[in-house]
>>> print(open('protein21.txt').read())   # compact mmCIF, C-alpha atoms
# COMPACT_ATOMS: atom_id res chain seq x y z
CA MET Z 1 89.33 -56.13 -129.99
CA GLY Z 2 89.18 -57.78 -133.43
CA GLN Z 3 92.13 -60.06 -132.67
CA TRP Z 4 90.54 -61.12 -129.38
CA GLU Z 5 87.25 -61.96 -131.11
CA GLU Z 6 89.08 -63.98 -133.77
CA SER Z 7 90.92 -65.90 -131.05
CA LEU Z 8 87.67 -66.76 -129.30
CA THR Z 9 86.11 -67.92 -132.55
CA ARG Z 10 89.07 -70.09 -133.47
CA VAL Z 11 89.15 -71.83 -130.08
CA SER Z 12 85.40 -72.45 -130.07
CA TRP Z 13 85.52 -74.12 -133.48
CA TRP Z 14 88.70 -76.14 -132.89
CA PRO Z 15 88.46 -77.89 -129.50
CA ASP Z 16 91.81 -79.60 -130.01
CA LEU Z 17 93.50 -76.20 -129.74
CA LEU Z 18 92.20 -75.65 -126.21
CA PRO Z 19 94.99 -75.59 -123.59
CA ALA Z 20 95.28 -78.43 -121.13
CA PRO Z 21 93.09 -77.95 -118.04
CA VAL Z 22 94.82 -76.19 -115.19
CA CYS Z 23 94.36 -77.41 -111.63
CA LEU Z 24 94.02 -74.57 -109.13
CA SER Z 25 93.70 -75.25 -105.42
CA PHE Z 26 91.70 -72.99 -103.11
CA VAL Z 27 91.29 -73.64 -99.40
CA MET Z 28 88.58 -71.65 -97.61
CA VAL Z 29 88.93 -71.61 -93.83
CA ASN Z 30 86.30 -70.65 -91.28
CA SER Z 31 88.32 -68.29 -89.10
CA VAL Z 32 86.03 -68.88 -86.11
CA ALA Z 33 87.03 -72.55 -86.20
CA MET Z 34 90.66 -71.60 -85.60
CA GLU Z 35 90.16 -70.52 -81.98
CA GLY Z 36 92.12 -73.54 -80.78
CA ASP Z 37 89.94 -74.06 -77.70
CA GLY Z 38 89.01 -77.67 -78.47
CA CYS Z 39 85.38 -76.97 -79.41
CA SER Z 40 83.66 -79.42 -81.77
CA ILE Z 41 83.80 -77.14 -84.79
CA CYS Z 42 87.48 -76.42 -84.09
CA SER Z 43 88.37 -80.12 -83.84
CA GLU Z 44 86.52 -80.95 -87.05
CA ALA Z 45 88.17 -78.08 -88.92
CA GLU Z 46 91.66 -79.09 -87.77
CA ALA Z 47 91.05 -82.71 -88.78
CA GLU Z 48 89.89 -81.63 -92.24
CA LEU Z 49 92.84 -79.27 -92.66
CA LYS Z 50 95.27 -82.03 -91.73
CA GLU Z 51 93.68 -84.30 -94.33
CA ILE Z 52 93.92 -81.55 -96.94
CA SER Z 53 97.55 -81.04 -95.96
CA ARG Z 54 98.26 -84.76 -96.42
CA LYS Z 55 96.70 -84.76 -99.90
CA LEU Z 56 98.64 -81.66 -100.90
CA ASN Z 57 101.88 -83.22 -99.68
CA CYS Z 58 101.16 -86.39 -101.66
CA SER Z 59 100.61 -84.30 -104.78
CA ARG Z 60 103.97 -82.62 -104.17
CA GLU Z 61 105.86 -85.90 -103.88
CA VAL Z 62 107.13 -88.01 -106.75
CA GLN Z 63 105.34 -91.18 -107.74
CA GLY Z 64 106.32 -94.27 -105.78
CA SER Z 65 106.32 -92.75 -102.31
CA SER Z 66 105.27 -95.38 -99.79
CA GLN Z 67 103.38 -92.88 -97.63
CA CYS Z 68 101.04 -91.96 -100.48
CA GLU Z 69 100.66 -95.37 -102.10
CA GLY Z 70 97.19 -95.76 -103.56
CA GLU Z 71 96.37 -92.09 -103.01
CA GLN Z 72 94.69 -90.26 -105.89
CA ARG Z 73 97.07 -87.56 -107.08
CA PHE Z 74 96.21 -84.29 -108.74
CA PRO Z 75 98.40 -81.93 -110.77
CA PHE Z 76 100.04 -79.97 -107.99
CA SER Z 77 99.41 -76.28 -107.53
CA ALA Z 78 100.21 -74.56 -104.24
CA PRO Z 79 96.88 -73.51 -102.74
CA VAL Z 80 95.38 -70.06 -102.31
CA LEU Z 81 94.13 -69.59 -98.74
CA LEU Z 82 90.86 -67.68 -98.34
CA GLN Z 83 89.63 -66.58 -94.91
CA HIS Z 84 87.93 -63.69 -93.17
CA TYR Z 85 90.44 -62.99 -90.39
CA PRO Z 86 94.01 -62.06 -91.36
CA LEU Z 87 96.88 -64.24 -90.25
CA TYR Z 88 98.70 -62.97 -87.20
CA ARG Z 89 100.45 -59.62 -87.44
CA ALA Z 90 101.20 -57.21 -84.62
CA SER Z 91 99.50 -54.19 -86.22
CA ASP Z 92 99.03 -52.33 -89.49
CA ALA Z 93 102.15 -50.22 -88.85
CA ASN Z 94 103.87 -51.48 -92.02
CA CYS Z 95 100.80 -51.16 -94.28
CA SER Z 96 100.68 -48.44 -96.91
CA GLY Z 97 98.44 -47.21 -99.71
CA ASP Z 98 95.39 -45.01 -100.19
CA ASP Z 99 93.11 -47.57 -98.58
CA ALA Z 100 95.36 -48.53 -95.67
CA ALA Z 101 94.37 -47.80 -92.08
CA PRO Z 102 94.46 -44.14 -91.00
CA PRO Z 103 97.78 -43.04 -89.43
CA GLU Z 104 96.26 -42.84 -85.95
CA GLU Z 105 95.14 -46.49 -86.17
CA LYS Z 106 98.20 -48.09 -87.73
CA SER Z 107 100.20 -48.40 -84.53
CA VAL Z 108 97.31 -49.79 -82.46
CA PRO Z 109 98.25 -53.41 -81.52
CA PHE Z 110 95.95 -56.14 -82.80
CA LYS Z 111 94.27 -58.55 -80.42
CA GLU Z 112 94.77 -62.21 -81.25
CA LYS Z 113 91.52 -64.10 -81.96
CA TYR Z 114 89.71 -60.77 -82.30
CA ASP Z 115 91.46 -58.62 -84.92
CA VAL Z 116 93.68 -61.38 -86.34
CA LEU Z 117 94.15 -65.12 -85.91
CA SER Z 118 96.34 -66.23 -83.06
CA ARG Z 119 100.03 -66.69 -83.70
CA GLU Z 120 99.66 -70.45 -83.13
CA ALA Z 121 96.75 -70.84 -85.55
CA SER Z 122 98.57 -68.79 -88.18
CA GLN Z 123 101.69 -70.95 -87.91
CA LYS Z 124 99.56 -74.10 -88.26
CA LEU Z 125 97.87 -72.87 -91.45
CA LEU Z 126 101.16 -71.83 -93.01
CA TRP Z 127 102.76 -75.16 -92.05
CA TRP Z 128 99.87 -77.38 -93.14
CA LEU Z 129 98.94 -75.66 -96.39
CA GLN Z 130 102.12 -73.83 -97.51
CA PRO Z 131 99.95 -71.39 -99.52
CA ARG Z 132 101.30 -69.31 -102.34
CA LEU Z 133 98.79 -66.52 -101.60
CA VAL Z 134 96.57 -65.60 -98.65
CA LEU Z 135 93.49 -63.40 -99.11
CA SER Z 136 91.75 -62.03 -96.02
CA GLY Z 137 89.64 -59.12 -94.78
CA HIS Z 138 88.01 -58.18 -91.46
CA THR Z 139 90.07 -55.06 -90.63
CA HIS Z 140 88.29 -52.92 -93.30
CA SER Z 141 91.70 -51.61 -94.39
CA ALA Z 142 94.16 -52.82 -97.02
CA CYS Z 143 97.51 -54.35 -96.17
CA GLN Z 144 100.16 -56.53 -97.77
CA VAL Z 145 102.27 -58.80 -95.58
CA LEU Z 146 105.01 -61.29 -96.37
CA HIS Z 147 104.89 -64.18 -93.91
CA PRO Z 148 107.74 -66.55 -92.98
CA GLY Z 149 108.36 -68.96 -95.83
CA GLY Z 150 107.55 -66.31 -98.44
CA ALA Z 151 103.75 -66.54 -98.39
CA PRO Z 152 102.25 -63.14 -99.29
CA GLU Z 153 98.99 -62.04 -97.70
CA VAL Z 154 96.68 -59.38 -99.09
CA SER Z 155 94.05 -58.01 -96.72
CA VAL Z 156 91.19 -56.72 -98.84
CA PRO Z 157 89.63 -53.44 -97.62
CA SER Z 158 85.93 -52.99 -97.02
CA PHE Z 159 83.60 -52.85 -100.03
CA SER Z 160 81.14 -50.55 -98.23
CA TRP Z 161 80.83 -46.81 -97.73
CA ARG Z 162 79.62 -47.61 -94.23
CA ASN Z 163 83.19 -48.53 -93.24
CA ARG Z 164 85.37 -46.23 -95.34
CA ASN Z 165 85.20 -43.33 -97.77
CA ASN Z 166 87.08 -45.15 -100.56
CA PRO Z 167 85.89 -48.78 -100.76
CA SER Z 168 87.53 -51.09 -103.26
CA PHE Z 169 87.65 -54.66 -104.47
CA ILE Z 170 90.30 -56.89 -105.99
CA MET Z 171 90.25 -58.75 -109.29
CA GLY Z 172 92.78 -61.50 -109.90
CA SER Z 173 94.16 -63.70 -112.63
CA LEU Z 174 95.70 -67.01 -111.54
CA THR Z 175 97.56 -69.83 -113.21
CA SER Z 176 98.95 -72.95 -111.59
CA ARG Z 177 102.18 -71.10 -110.73
CA GLU Z 178 101.58 -67.36 -110.94
CA PHE Z 179 98.99 -64.79 -109.99
CA ALA Z 180 98.27 -61.14 -110.72
CA LEU Z 181 95.98 -58.91 -108.65
CA SER Z 182 94.43 -55.59 -109.56
CA LYS Z 183 92.60 -53.24 -107.21
CA CYS Z 184 89.50 -51.36 -108.36
CA TYR Z 185 88.13 -48.37 -106.45
CA LEU Z 186 84.59 -47.13 -106.10
CA PRO Z 187 83.97 -43.36 -106.25
CA LEU Z 188 84.63 -41.49 -103.01
CA GLU Z 189 81.48 -41.30 -100.91
CA ASP Z 190 81.74 -37.56 -100.22
CA ARG Z 191 82.06 -36.84 -103.96
CA VAL Z 192 79.03 -38.96 -104.73
CA LEU Z 193 76.99 -37.19 -102.04
CA ALA Z 194 78.16 -33.79 -103.28
CA THR Z 195 77.16 -34.70 -106.85
CA TYR Z 196 73.72 -35.87 -105.71
CA GLY Z 197 73.27 -32.72 -103.62
CA ALA Z 198 74.28 -30.40 -106.47
CA ALA Z 199 72.01 -32.20 -108.94
CA GLY Z 200 69.10 -32.10 -106.49
CA GLY Z 201 69.62 -28.40 -105.80
CA PHE Z 202 69.79 -27.60 -109.51
CA LEU Z 203 66.55 -29.48 -110.20
CA ALA Z 204 64.86 -27.73 -107.29
CA ILE Z 205 65.85 -24.32 -108.67
CA LEU Z 206 64.61 -25.23 -112.16
CA THR Z 207 61.30 -26.39 -110.69
CA LEU Z 208 60.85 -23.20 -108.69
CA MET Z 209 61.72 -21.11 -111.74
CA HIS Z 210 59.18 -22.99 -113.84
CA PHE Z 211 56.40 -22.26 -111.35
CA GLU Z 212 57.71 -18.70 -110.73
CA ARG Z 213 58.23 -19.32 -107.03
CA LEU Z 214 61.58 -17.57 -106.81
CA PRO Z 215 62.17 -13.88 -105.92
CA SER Z 216 61.52 -11.40 -108.70
CA SER Z 217 65.21 -10.83 -109.41
CA PHE Z 218 65.73 -14.53 -110.19
CA LEU Z 219 62.59 -14.65 -112.29
CA LEU Z 220 63.67 -11.60 -114.29
CA GLY Z 221 67.00 -13.23 -115.09
CA TRP Z 222 65.26 -16.48 -116.00
CA LYS Z 223 62.87 -14.69 -118.42
CA LEU Z 224 65.73 -12.76 -120.03
CA CYS Z 225 67.62 -16.04 -120.58
CA ARG Z 226 64.57 -17.66 -122.16
CA ARG Z 227 64.01 -14.68 -124.50
CA HIS Z 228 67.67 -14.76 -125.51
CA THR Z 229 67.45 -18.48 -126.23
CA ARG Z 230 64.35 -18.08 -128.39
CA ARG Z 231 66.05 -15.47 -130.54
>>> encode(input="protein21.txt", output="structure tokens")
Amino acid sequence: MGQWEESLTRVSWWPDLLPAPVCLSFVMVNSVAMEGDGCSICSEAEAELKEISRKLNCSREVQGSSQCEGEQRFPFSAPVLLQHYPLYRASDANCSGDDAAPPEEKSVPFKEKYDVLSREASQKLLWWLQPRLVLSGHTHSACQVLHPGGAPEVSVPSFSWRNRNNPSFIMGSLTSREFALSKCYLPLEDRVLATYGAAGGFLAILTLMHFERLPSSFLLGWKLCRRHTRR
């Protein structure tokens, strides 16, 4: 801890030692706008995604390209795609882990545009953005998928006891080229309820003992314990 504090102090007092700023690209997509039915919100979203794709491609290319002449370039970093619906996958059959879908649900086929994005919309996003990481949710269960082209997707499980007994969340550390994710679990709901119930029952017994509302056998034991403690 001392070394970390010294490092923070040194950087704060010597600005010239700060590392060069890192450019990280995040693209957040409204999954509802990827229906592909030609609605106004869908058309606007596709137009914006195509423009983002063009700017990313220009940042990938070397200086002097005629197609990107006059375009403002940024230090390139493959984007991280954030969206609610997962990209297309047939089911959760290949998902594993403590917070994956229950065995009886894993083989249930997903419905396109309901459980996951359509195959067509998923291919468009992967082609336009070429993300290095995809983060999604919606299914309430965890899953890791490797899509064509090598793009990994992590479906984050539900962060609510309403949907599962072991909710969790993900913390991540990202640089312009690498990323590291760590999963953190909340306590199991049934254990929390059992702890609350046991604590409540214990307090109720203590209260009844204090007001001598319990049967005589309990009260006799309680008085003997108190006398023993006083000695």
>>> closest_residue(input="protein21.txt", among="Z:Tyr88, Z:Ile170, Z:Gly201, Z:Arg73", to="Lys124 in chain Z", atoms="all atoms listed in the file")
Z:Tyr88
>>> atom_distance(input="protein21.txt", atom1="CA of Leu56 in chain Z", atom2="CA of Pro75 in chain Z")
9.9 Å
>>> atom_distance(input="protein21.txt", atom1="CA of Cys184 in chain Z", atom2="CA of Met171 in chain Z")
7.5 Å
>>> residues_near_point(input="protein21.txt", point="(97.1, -59.0, -93.4)", cutoff="9 Å", atoms="all atoms listed in the file", output="ChimeraX atom specification")
/Z:85-89,91-92,95,116,134-137,139,142-146,152-156
>>> write_last_selection(input="protein21.txt", atoms="C-alpha atoms", output="PDB file, in the frame of the given file")
ATOM      1  CA  TYR Z  85      90.440 -62.990 -90.390  1.00  0.00           C
ATOM      2  CA  PRO Z  86      94.010 -62.060 -91.360  1.00  0.00           C
ATOM      3  CA  LEU Z  87      96.880 -64.240 -90.250  1.00  0.00           C
ATOM      4  CA  TYR Z  88      98.700 -62.970 -87.200  1.00  0.00           C
ATOM      5  CA  ARG Z  89     100.450 -59.620 -87.440  1.00  0.00           C
ATOM      6  CA  SER Z  91      99.500 -54.190 -86.220  1.00  0.00           C
ATOM      7  CA  ASP Z  92      99.030 -52.330 -89.490  1.00  0.00           C
ATOM      8  CA  CYS Z  95     100.800 -51.160 -94.280  1.00  0.00           C
ATOM      9  CA  VAL Z 116      93.680 -61.380 -86.340  1.00  0.00           C
ATOM     10  CA  VAL Z 134      96.570 -65.600 -98.650  1.00  0.00           C
ATOM     11  CA  LEU Z 135      93.490 -63.400 -99.110  1.00  0.00           C
ATOM     12  CA  SER Z 136      91.750 -62.030 -96.020  1.00  0.00           C
ATOM     13  CA  GLY Z 137      89.640 -59.120 -94.780  1.00  0.00           C
ATOM     14  CA  THR Z 139      90.070 -55.060 -90.630  1.00  0.00           C
ATOM     15  CA  ALA Z 142      94.160 -52.820 -97.020  1.00  0.00           C
ATOM     16  CA  CYS Z 143      97.510 -54.350 -96.170  1.00  0.00           C
ATOM     17  CA  GLN Z 144     100.160 -56.530 -97.770  1.00  0.00           C
ATOM     18  CA  VAL Z 145     102.270 -58.800 -95.580  1.00  0.00           C
ATOM     19  CA  LEU Z 146     105.010 -61.290 -96.370  1.00  0.00           C
ATOM     20  CA  PRO Z 152     102.250 -63.140 -99.290  1.00  0.00           C
ATOM     21  CA  GLU Z 153      98.990 -62.040 -97.700  1.00  0.00           C
ATOM     22  CA  VAL Z 154      96.680 -59.380 -99.090  1.00  0.00           C
ATOM     23  CA  SER Z 155      94.050 -58.010 -96.720  1.00  0.00           C
ATOM     24  CA  VAL Z 156      91.190 -56.720 -98.840  1.00  0.00           C
TER      25      VAL Z 156
END
>>> residues_around(input="protein21.txt", residues="Ser43 in chain Z", least_positions_apart="6", cutoff="12 Å", atoms="only C-alpha atoms", output="list in words")
Val32, Ala33, Met34, Glu35, Gly36, Asp37, Leu49 and Lys50 of chain Z
>>> atom_distance(input="protein21.txt", atom1="CA of Lys183 in chain Z", atom2="CA of Pro102 in chain Z")
18.7 Å
>>> closest_residue(input="protein21.txt", among="Z:Trp127, Z:Phe76, Z:Tyr185, Z:Tyr114", to="Ser31 in chain Z", atoms="all atoms listed in the file")
Z:Tyr114
>>> closest_residue(input="protein21.txt", among="Z:Cys39, Z:Leu129, Z:Ala101, Z:Leu193", to="Arg54 in chain Z", atoms="all atoms listed in the file")
Z:Leu129
>>> closest_residue(input="protein21.txt", among="Z:Pro109, Z:Leu81, Z:Ala194, Z:Ser182", to="Ala93 in chain Z", atoms="only C-alpha atoms")
Z:Pro109
>>> closest_residue(input="protein21.txt", among="Z:Pro131, Z:Pro103, Z:Gly97, Z:Gly70", to="Arg177 in chain Z", atoms="only C-alpha atoms")
Z:Pro131
>>> residues_around(input="protein21.txt", residues="Cys23 in chain Z", least_positions_apart="5", cutoff="10 Å", atoms="all atoms listed in the file", output="list in words")
Phe74, Pro75, Phe76, Ser77, Ala78, Thr175 and Ser176 of chain Z
>>> closest_residue(input="protein21.txt", among="Z:Glu178, Z:Pro79, Z:Trp128, Z:Ala121", to="Glu51 in chain Z", atoms="only C-alpha atoms")
Z:Trp128
>>> residues_around(input="protein21.txt", residues="Phe159 in chain Z", least_positions_apart="2", cutoff="8 Å", atoms="all atoms listed in the file", output="list in words")
Pro157, Trp161, Pro167, Ser168 and Phe169 of chain Z
